[in-house]
Amino acid sequence: MNFNFLSKTVLFRGMAEEDIEKMLDCLGAKQQHFSKGEVIFRAGEVVRSIGLVLSGSVNIENDDVWGNKSILDNIGPGQVFAETYACVPGEPMMVSVVASENVEVLFLNVSQGLQTCSGECHYHGQLIQNLLTISAQKNLNLSRRIFHTTSKSIRGRLLSYLSYQAARQGSLQFSIPFNRQQLADYLSVDRSAMSNELSKMQKEGLLTVDRNYFVLKVEASDYGLM
């Protein structure tokens with residue numbers, strides 16, 4: 001186990017590597033591999049453990065009864081998923097967690113960390129604080145997606161999302177964590193219509209795109225980017 005990597009994650013922030021090793025024992029840590037497209041947690045399941053992504057990434061998805069898919073978030077290395085459901089006993093998941101590529105996940109029974117263990121581990125309090133930080137960040141991510149999908153036009157949604165990615169990555173040239181279908185699902189638009197809109201935007205000189213790599217054709221100074 002790479003304890004140096006874990007110490008840099010939000011979940012274990014503020015903990016020494018030797019404390020993390022002890023904490024993993026308290027939380028019944030279990031590492032597991034999933035192949036691309038494999039469902040890790042399915043909507044309707046009741047879960048007791050959170051997942052911390054060690055490598056690869058997963059998508060948080062919502063499917064309606066007609067099979068329409070929406071991607072709510074992409075979770076990469078060092079990030080966690082299912083923390084809300086794991087902290088609320090008996091609450092069935094409203095979303096599914098699917099491997100967007102080959103992924104290694106560390107499962108942790110976090111409910112054990114919400115109470116003082118027999119060893120009176122002093123780092124339990126830090127774990128609870130870190131979980132609150134993660135929960136707040138997830139709320140921001142969901143609010144951000146709502147913001148990106150507010151526009152009634154496909155172009156408006158693309159501009160909102162791509163502008164955010166440029167600002168977040170500090171460059172007008174960047175990769176996004178979604179393929180074309182996943183981006184359409186995230187923005188809640190039709191893939192073909194979105195692809196047509198991207199083609200129009202390229203012809204108009206607004207951007208260039210190669211799979212999931214984008215170059216925005218604007219003045220960097222307009223966005224405070226260089």
# chains A, B, ... in the order shown; residues from 1 in each chain; ligands from 1

$ residues_around --residues "Val10 in chain A" --least-positions-apart "4" --cutoff "12 Å" --atoms "only C-alpha atoms" --output "CSV table (one decimal) with C-alpha atoms, in the first residue's frame"
chain,number,residue,atom,x,y,z
A,5,PHE,CA,-0.1,8.6,-1.8
A,6,LEU,CA,-2.8,8.2,0.8
A,14,GLY,CA,-3.3,15.8,8.3
A,15,MET,CA,-2.4,12.2,9.2
A,52,LEU,CA,-11.2,5.6,-2.6
A,53,VAL,CA,-9.8,5.5,-6.1
A,77,PRO,CA,-7.2,9.0,-8.1
A,78,GLY,CA,-7.3,10.2,-4.6
A,79,GLN,CA,-11.0,11.0,-4.6
A,80,VAL,CA,-13.8,9.0,-2.9
A,126,GLN,CA,-9.4,14.2,11.7
A,127,LEU,CA,-11.2,11.6,9.6
A,128,ILE,CA,-14.6,13.1,10.4
A,129,GLN,CA,-13.3,16.6,9.6
A,130,ASN,CA,-12.0,15.4,6.3
A,131,LEU,CA,-15.2,13.7,5.4
A,132,LEU,CA,-17.1,16.9,6.0
A,133,THR,CA,-14.7,18.7,3.6
A,134,ILE,CA,-15.3,16.0,1.0
A,135,SER,CA,-19.0,16.3,1.4
A,136,ALA,CA,-18.9,20.1,0.9
A,137,GLN,CA,-16.7,19.6,-2.2

$ closest_atom_pairs --of "range 78-140 of chain A" --to "range 38-46 of chain A" --cutoff "12 Å" --atoms "only C-alpha atoms" --output "Markdown table"
| residue | atom | partner | partner_atom | distance |
| --- | --- | --- | --- | --- |
| A:Phe81 | CA | A:Phe41 | CA | 9.8 |
| A:Ala82 | CA | A:Phe41 | CA | 8.5 |
| A:Glu83 | CA | A:Val46 | CA | 11.9 |
| A:Thr84 | CA | A:Val46 | CA | 11.3 |
| A:Tyr85 | CA | A:Val46 | CA | 7.5 |
| A:Ala86 | CA | A:Val46 | CA | 8.1 |
| A:Cys87 | CA | A:Val46 | CA | 10.9 |
| A:Val88 | CA | A:Val46 | CA | 9.5 |
| A:Pro89 | CA | A:Val46 | CA | 8.0 |
| A:Gly90 | CA | A:Val46 | CA | 5.9 |
| A:Glu91 | CA | A:Val46 | CA | 6.0 |
| A:Pro92 | CA | A:Val46 | CA | 4.5 |
| A:Met93 | CA | A:Ala43 | CA | 4.9 |
| A:Met94 | CA | A:Ala43 | CA | 5.1 |
| A:Val95 | CA | A:Ala43 | CA | 4.6 |
| A:Ser96 | CA | A:Arg42 | CA | 4.4 |
| A:Val97 | CA | A:Phe41 | CA | 5.0 |
| A:Val98 | CA | A:Val39 | CA | 4.4 |
| A:Ala99 | CA | A:Glu38 | CA | 5.5 |
| A:Ser100 | CA | A:Glu38 | CA | 8.2 |
| A:Glu101 | CA | A:Glu38 | CA | 8.8 |
| A:Asn102 | CA | A:Glu38 | CA | 8.8 |
| A:Val103 | CA | A:Glu38 | CA | 9.6 |
| A:Glu104 | CA | A:Ile40 | CA | 10.9 |
| A:Val105 | CA | A:Ile40 | CA | 9.5 |
| A:Leu106 | CA | A:Ile40 | CA | 11.8 |
| A:Phe107 | CA | A:Ile40 | CA | 10.9 |

$ residues_around --residues "range 214-216 of chain A" --least-positions-apart "5" --cutoff "10 Å" --atoms "only C-alpha atoms" --output "PDB file with all heavy atoms, in the first residue's frame"
ATOM      1  N   LEU A 159     -19.851  25.762 -23.810  1.00  0.00           N
ATOM      2  CA  LEU A 159     -19.031  26.917 -23.454  1.00  0.00           C
ATOM      3  C   LEU A 159     -18.846  27.024 -21.941  1.00  0.00           C
ATOM      4  O   LEU A 159     -17.762  27.349 -21.453  1.00  0.00           O
ATOM      5  CB  LEU A 159     -19.662  28.196 -24.003  1.00  0.00           C
ATOM      6  CG  LEU A 159     -19.619  28.368 -25.527  1.00  0.00           C
ATOM      7  CD1 LEU A 159     -20.399  29.605 -25.939  1.00  0.00           C
ATOM      8  CD2 LEU A 159     -18.177  28.446 -26.017  1.00  0.00           C
ATOM      9  N   LEU A 162     -16.448  24.003 -20.877  1.00  0.00           N
ATOM     10  CA  LEU A 162     -15.076  24.169 -21.363  1.00  0.00           C
ATOM     11  C   LEU A 162     -14.400  25.376 -20.739  1.00  0.00           C
ATOM     12  O   LEU A 162     -13.193  25.361 -20.465  1.00  0.00           O
ATOM     13  CB  LEU A 162     -15.075  24.268 -22.887  1.00  0.00           C
ATOM     14  CG  LEU A 162     -15.558  23.010 -23.628  1.00  0.00           C
ATOM     15  CD1 LEU A 162     -15.627  23.262 -25.129  1.00  0.00           C
ATOM     16  CD2 LEU A 162     -14.649  21.808 -23.325  1.00  0.00           C
ATOM     17  N   SER A 163     -15.146  26.437 -20.487  1.00  0.00           N
ATOM     18  CA  SER A 163     -14.582  27.611 -19.813  1.00  0.00           C
ATOM     19  C   SER A 163     -14.141  27.248 -18.397  1.00  0.00           C
ATOM     20  O   SER A 163     -13.074  27.675 -17.933  1.00  0.00           O
ATOM     21  CB  SER A 163     -15.612  28.742 -19.763  1.00  0.00           C
ATOM     22  OG  SER A 163     -15.909  29.211 -21.054  1.00  0.00           O
ATOM     23  N   GLN A 165     -13.230  24.228 -17.357  1.00  0.00           N
ATOM     24  CA  GLN A 165     -12.047  23.372 -17.441  1.00  0.00           C
ATOM     25  C   GLN A 165     -10.787  24.188 -17.707  1.00  0.00           C
ATOM     26  O   GLN A 165      -9.727  23.916 -17.150  1.00  0.00           O
ATOM     27  CB  GLN A 165     -12.240  22.310 -18.525  1.00  0.00           C
ATOM     28  CG  GLN A 165     -13.222  21.206 -18.162  1.00  0.00           C
ATOM     29  CD  GLN A 165     -12.736  20.347 -17.023  1.00  0.00           C
ATOM     30  OE1 GLN A 165     -11.529  20.200 -16.798  1.00  0.00           O
ATOM     31  NE2 GLN A 165     -13.665  19.770 -16.275  1.00  0.00           N
ATOM     32  N   ALA A 166     -10.899  25.198 -18.569  1.00  0.00           N
ATOM     33  CA  ALA A 166      -9.746  26.056 -18.857  1.00  0.00           C
ATOM     34  C   ALA A 166      -9.301  26.796 -17.606  1.00  0.00           C
ATOM     35  O   ALA A 166      -8.103  26.877 -17.302  1.00  0.00           O
ATOM     36  CB  ALA A 166     -10.106  27.052 -19.965  1.00  0.00           C
ATOM     37  N   SER A 171      -5.132  26.720 -18.300  1.00  0.00           N
ATOM     38  CA  SER A 171      -4.616  26.705 -19.665  1.00  0.00           C
ATOM     39  C   SER A 171      -5.777  26.632 -20.647  1.00  0.00           C
ATOM     40  O   SER A 171      -6.842  26.084 -20.333  1.00  0.00           O
ATOM     41  CB  SER A 171      -3.687  25.509 -19.878  1.00  0.00           C
ATOM     42  OG  SER A 171      -3.300  25.393 -21.234  1.00  0.00           O
ATOM     43  N   LEU A 172      -5.562  27.177 -21.836  1.00  0.00           N
ATOM     44  CA  LEU A 172      -6.560  27.072 -22.895  1.00  0.00           C
ATOM     45  C   LEU A 172      -6.422  25.769 -23.665  1.00  0.00           C
ATOM     46  O   LEU A 172      -7.212  25.490 -24.567  1.00  0.00           O
ATOM     47  CB  LEU A 172      -6.435  28.262 -23.853  1.00  0.00           C
ATOM     48  CG  LEU A 172      -6.746  29.639 -23.246  1.00  0.00           C
ATOM     49  CD1 LEU A 172      -6.477  30.738 -24.252  1.00  0.00           C
ATOM     50  CD2 LEU A 172      -8.194  29.688 -22.767  1.00  0.00           C
ATOM     51  N   GLN A 173      -5.427  24.968 -23.308  1.00  0.00           N
ATOM     52  CA  GLN A 173      -5.232  23.644 -23.900  1.00  0.00           C
ATOM     53  C   GLN A 173      -5.327  22.610 -22.776  1.00  0.00           C
ATOM     54  O   GLN A 173      -4.562  22.673 -21.813  1.00  0.00           O
ATOM     55  CB  GLN A 173      -3.866  23.551 -24.583  1.00  0.00           C
ATOM     56  CG  GLN A 173      -3.645  24.622 -25.639  1.00  0.00           C
ATOM     57  CD  GLN A 173      -2.277  24.507 -26.299  1.00  0.00           C
ATOM     58  OE1 GLN A 173      -1.765  23.408 -26.506  1.00  0.00           O
ATOM     59  NE2 GLN A 173      -1.688  25.633 -26.628  1.00  0.00           N
ATOM     60  N   PHE A 174      -6.257  21.697 -22.877  1.00  0.00           N
ATOM     61  CA  PHE A 174      -6.489  20.778 -21.769  1.00  0.00           C
ATOM     62  C   PHE A 174      -7.222  19.525 -22.244  1.00  0.00           C
ATOM     63  O   PHE A 174      -7.840  19.504 -23.304  1.00  0.00           O
ATOM     64  CB  PHE A 174      -7.321  21.468 -20.678  1.00  0.00           C
ATOM     65  CG  PHE A 174      -8.597  22.076 -21.201  1.00  0.00           C
ATOM     66  CD1 PHE A 174      -9.748  21.323 -21.349  1.00  0.00           C
ATOM     67  CD2 PHE A 174      -8.636  23.426 -21.561  1.00  0.00           C
ATOM     68  CE1 PHE A 174     -10.917  21.886 -21.842  1.00  0.00           C
ATOM     69  CE2 PHE A 174      -9.802  24.005 -22.058  1.00  0.00           C
ATOM     70  CZ  PHE A 174     -10.939  23.232 -22.200  1.00  0.00           C
ATOM     71  N   SER A 175      -7.147  18.498 -21.410  1.00  0.00           N
ATOM     72  CA  SER A 175      -7.913  17.272 -21.620  1.00  0.00           C
ATOM     73  C   SER A 175      -9.041  17.222 -20.606  1.00  0.00           C
ATOM     74  O   SER A 175      -8.902  17.723 -19.482  1.00  0.00           O
ATOM     75  CB  SER A 175      -7.019  16.036 -21.452  1.00  0.00           C
ATOM     76  OG  SER A 175      -6.020  15.995 -22.454  1.00  0.00           O
ATOM     77  N   ILE A 176     -10.160  16.618 -20.983  1.00  0.00           N
ATOM     78  CA  ILE A 176     -11.273  16.454 -20.067  1.00  0.00           C
ATOM     79  C   ILE A 176     -11.391  14.975 -19.713  1.00  0.00           C
ATOM     80  O   ILE A 176     -10.898  14.121 -20.456  1.00  0.00           O
ATOM     81  CB  ILE A 176     -12.587  16.988 -20.666  1.00  0.00           C
ATOM     82  CG1 ILE A 176     -12.991  16.169 -21.896  1.00  0.00           C
ATOM     83  CG2 ILE A 176     -12.456  18.466 -21.026  1.00  0.00           C
ATOM     84  CD1 ILE A 176     -14.374  16.514 -22.437  1.00  0.00           C
ATOM     85  N   GLN A 202     -15.669  24.494 -34.341  1.00  0.00           N
ATOM     86  CA  GLN A 202     -14.336  24.398 -34.944  1.00  0.00           C
ATOM     87  C   GLN A 202     -14.269  25.208 -36.241  1.00  0.00           C
ATOM     88  O   GLN A 202     -13.293  25.932 -36.480  1.00  0.00           O
ATOM     89  CB  GLN A 202     -13.986  22.936 -35.222  1.00  0.00           C
ATOM     90  CG  GLN A 202     -13.644  22.131 -33.998  1.00  0.00           C
ATOM     91  CD  GLN A 202     -12.868  20.866 -34.326  1.00  0.00           C
ATOM     92  OE1 GLN A 202     -11.631  20.881 -34.374  1.00  0.00           O
ATOM     93  NE2 GLN A 202     -13.580  19.776 -34.554  1.00  0.00           N
ATOM     94  N   GLY A 205     -13.812  28.746 -35.728  1.00  0.00           N
ATOM     95  CA  GLY A 205     -12.533  29.127 -35.139  1.00  0.00           C
ATOM     96  C   GLY A 205     -12.570  29.361 -33.646  1.00  0.00           C
ATOM     97  O   GLY A 205     -11.672  29.992 -33.091  1.00  0.00           O
ATOM     98  N   LEU A 206     -13.588  28.808 -32.978  1.00  0.00           N
ATOM     99  CA  LEU A 206     -13.702  29.000 -31.536  1.00  0.00           C
ATOM    100  C   LEU A 206     -12.821  28.018 -30.760  1.00  0.00           C
ATOM    101  O   LEU A 206     -12.387  28.311 -29.643  1.00  0.00           O
ATOM    102  CB  LEU A 206     -15.152  28.834 -31.092  1.00  0.00           C
ATOM    103  CG  LEU A 206     -16.151  29.867 -31.618  1.00  0.00           C
ATOM    104  CD1 LEU A 206     -17.561  29.509 -31.169  1.00  0.00           C
ATOM    105  CD2 LEU A 206     -15.775  31.255 -31.130  1.00  0.00           C
ATOM    106  N   LEU A 207     -12.574  26.859 -31.371  1.00  0.00           N
ATOM    107  CA  LEU A 207     -11.791  25.839 -30.688  1.00  0.00           C
ATOM    108  C   LEU A 207     -11.351  24.777 -31.684  1.00  0.00           C
ATOM    109  O   LEU A 207     -11.818  24.736 -32.822  1.00  0.00           O
ATOM    110  CB  LEU A 207     -12.608  25.199 -29.557  1.00  0.00           C
ATOM    111  CG  LEU A 207     -13.977  24.585 -29.899  1.00  0.00           C
ATOM    112  CD1 LEU A 207     -13.872  23.224 -30.565  1.00  0.00           C
ATOM    113  CD2 LEU A 207     -14.822  24.459 -28.643  1.00  0.00           C
ATOM    114  N   THR A 208     -10.438  23.931 -31.224  1.00  0.00           N
ATOM    115  CA  THR A 208     -10.115  22.692 -31.934  1.00  0.00           C
ATOM    116  C   THR A 208     -10.240  21.573 -30.914  1.00  0.00           C
ATOM    117  O   THR A 208     -10.014  21.764 -29.708  1.00  0.00           O
ATOM    118  CB  THR A 208      -8.690  22.696 -32.524  1.00  0.00           C
ATOM    119  OG1 THR A 208      -7.730  22.866 -31.458  1.00  0.00           O
ATOM    120  CG2 THR A 208      -8.538  23.814 -33.544  1.00  0.00           C
ATOM    121  N   VAL A 209     -10.620  20.395 -31.402  1.00  0.00           N
ATOM    122  CA  VAL A 209     -10.814  19.267 -30.494  1.00  0.00           C
ATOM    123  C   VAL A 209     -10.323  17.998 -31.156  1.00  0.00           C
ATOM    124  O   VAL A 209     -10.547  17.761 -32.339  1.00  0.00           O
ATOM    125  CB  VAL A 209     -12.307  19.136 -30.089  1.00  0.00           C
ATOM    126  CG1 VAL A 209     -13.206  19.039 -31.311  1.00  0.00           C
ATOM    127  CG2 VAL A 209     -12.504  17.931 -29.174  1.00  0.00           C
TER     128      VAL A 209
END

$ select_by_dssp --residues "range 51-132 of chain A" --states "helix (DSSP H, G or I)" --output "list of chain:residue names"
A:Glu83, A:Thr84, A:Tyr85, A:Ala86, A:Cys87, A:Val110, A:Ser111, A:Gln112, A:Gly113, A:Leu114, A:His124, A:Gly125, A:Gln126, A:Leu127, A:Ile128, A:Gln129, A:Asn130, A:Leu131, A:Leu132

$ residues_around --residues "Val189 in chain A" --least-positions-apart "2" --cutoff "12 Å" --atoms "only C-alpha atoms" --output "short mmCIF file (atom, residue, chain, number, x, y, z; two decimals) with C-alpha atoms, in the first residue's frame"
data_model
loop_
_atom_site.label_atom_id
_atom_site.label_comp_id
_atom_site.auth_asym_id
_atom_site.auth_seq_id
_atom_site.Cartn_x
_atom_site.Cartn_y
_atom_site.Cartn_z
CA ASN A 68 -31.46 7.42 -20.48
CA LYS A 69 -28.10 8.00 -18.81
CA SER A 70 -26.77 11.07 -17.03
CA ILE A 71 -23.21 11.34 -15.74
CA HIS A 148 -23.27 23.92 -16.77
CA THR A 149 -26.66 22.51 -17.77
CA THR A 150 -28.67 25.70 -17.13
CA SER A 151 -28.35 26.97 -20.70
CA LYS A 152 -31.09 25.80 -23.06
CA SER A 153 -28.63 25.53 -25.95
CA ILE A 154 -25.99 22.86 -26.50
CA ARG A 155 -23.42 25.52 -27.34
CA GLY A 156 -24.14 27.34 -24.10
CA ARG A 157 -23.59 24.17 -22.10
CA LEU A 158 -20.35 23.39 -23.93
CA ARG A 180 -17.71 12.15 -26.44
CA GLN A 181 -20.65 10.06 -25.20
CA GLN A 182 -19.81 10.69 -21.55
CA LEU A 183 -19.57 14.44 -22.15
CA ALA A 184 -23.00 14.38 -23.79
CA ASP A 185 -24.38 12.43 -20.84
CA TYR A 186 -22.80 14.86 -18.36
CA LEU A 187 -24.30 17.87 -20.15
CA ARG A 191 -24.39 13.04 -28.60
CA SER A 192 -24.93 13.57 -32.34
CA ALA A 193 -26.29 17.07 -31.81
CA MET A 194 -23.37 17.90 -29.53
CA SER A 195 -20.84 16.57 -32.04
CA ASN A 196 -22.45 18.70 -34.77
CA GLU A 197 -22.21 21.74 -32.52
#

$ atom_distance --atom1 "CA of Phe178 in chain A" --atom2 "CA of Gly76 in chain A"
11.6 Å

$ atom_distance --atom1 "CA of Ser35 in chain A" --atom2 "CA of Asn212 in chain A"
20.6 Å

$ atom_distance --atom1 "CA of Glu17 in chain A" --atom2 "CA of Phe3 in chain A"
5.6 Å

$ select_by_dssp --residues "range 58-224 of chain A" --states "strand (DSSP E)" --output "PyMOL selection string"
chain A and resi 58-63+69-75+80-81+96-99+103-108+173-175+207-210+213-216
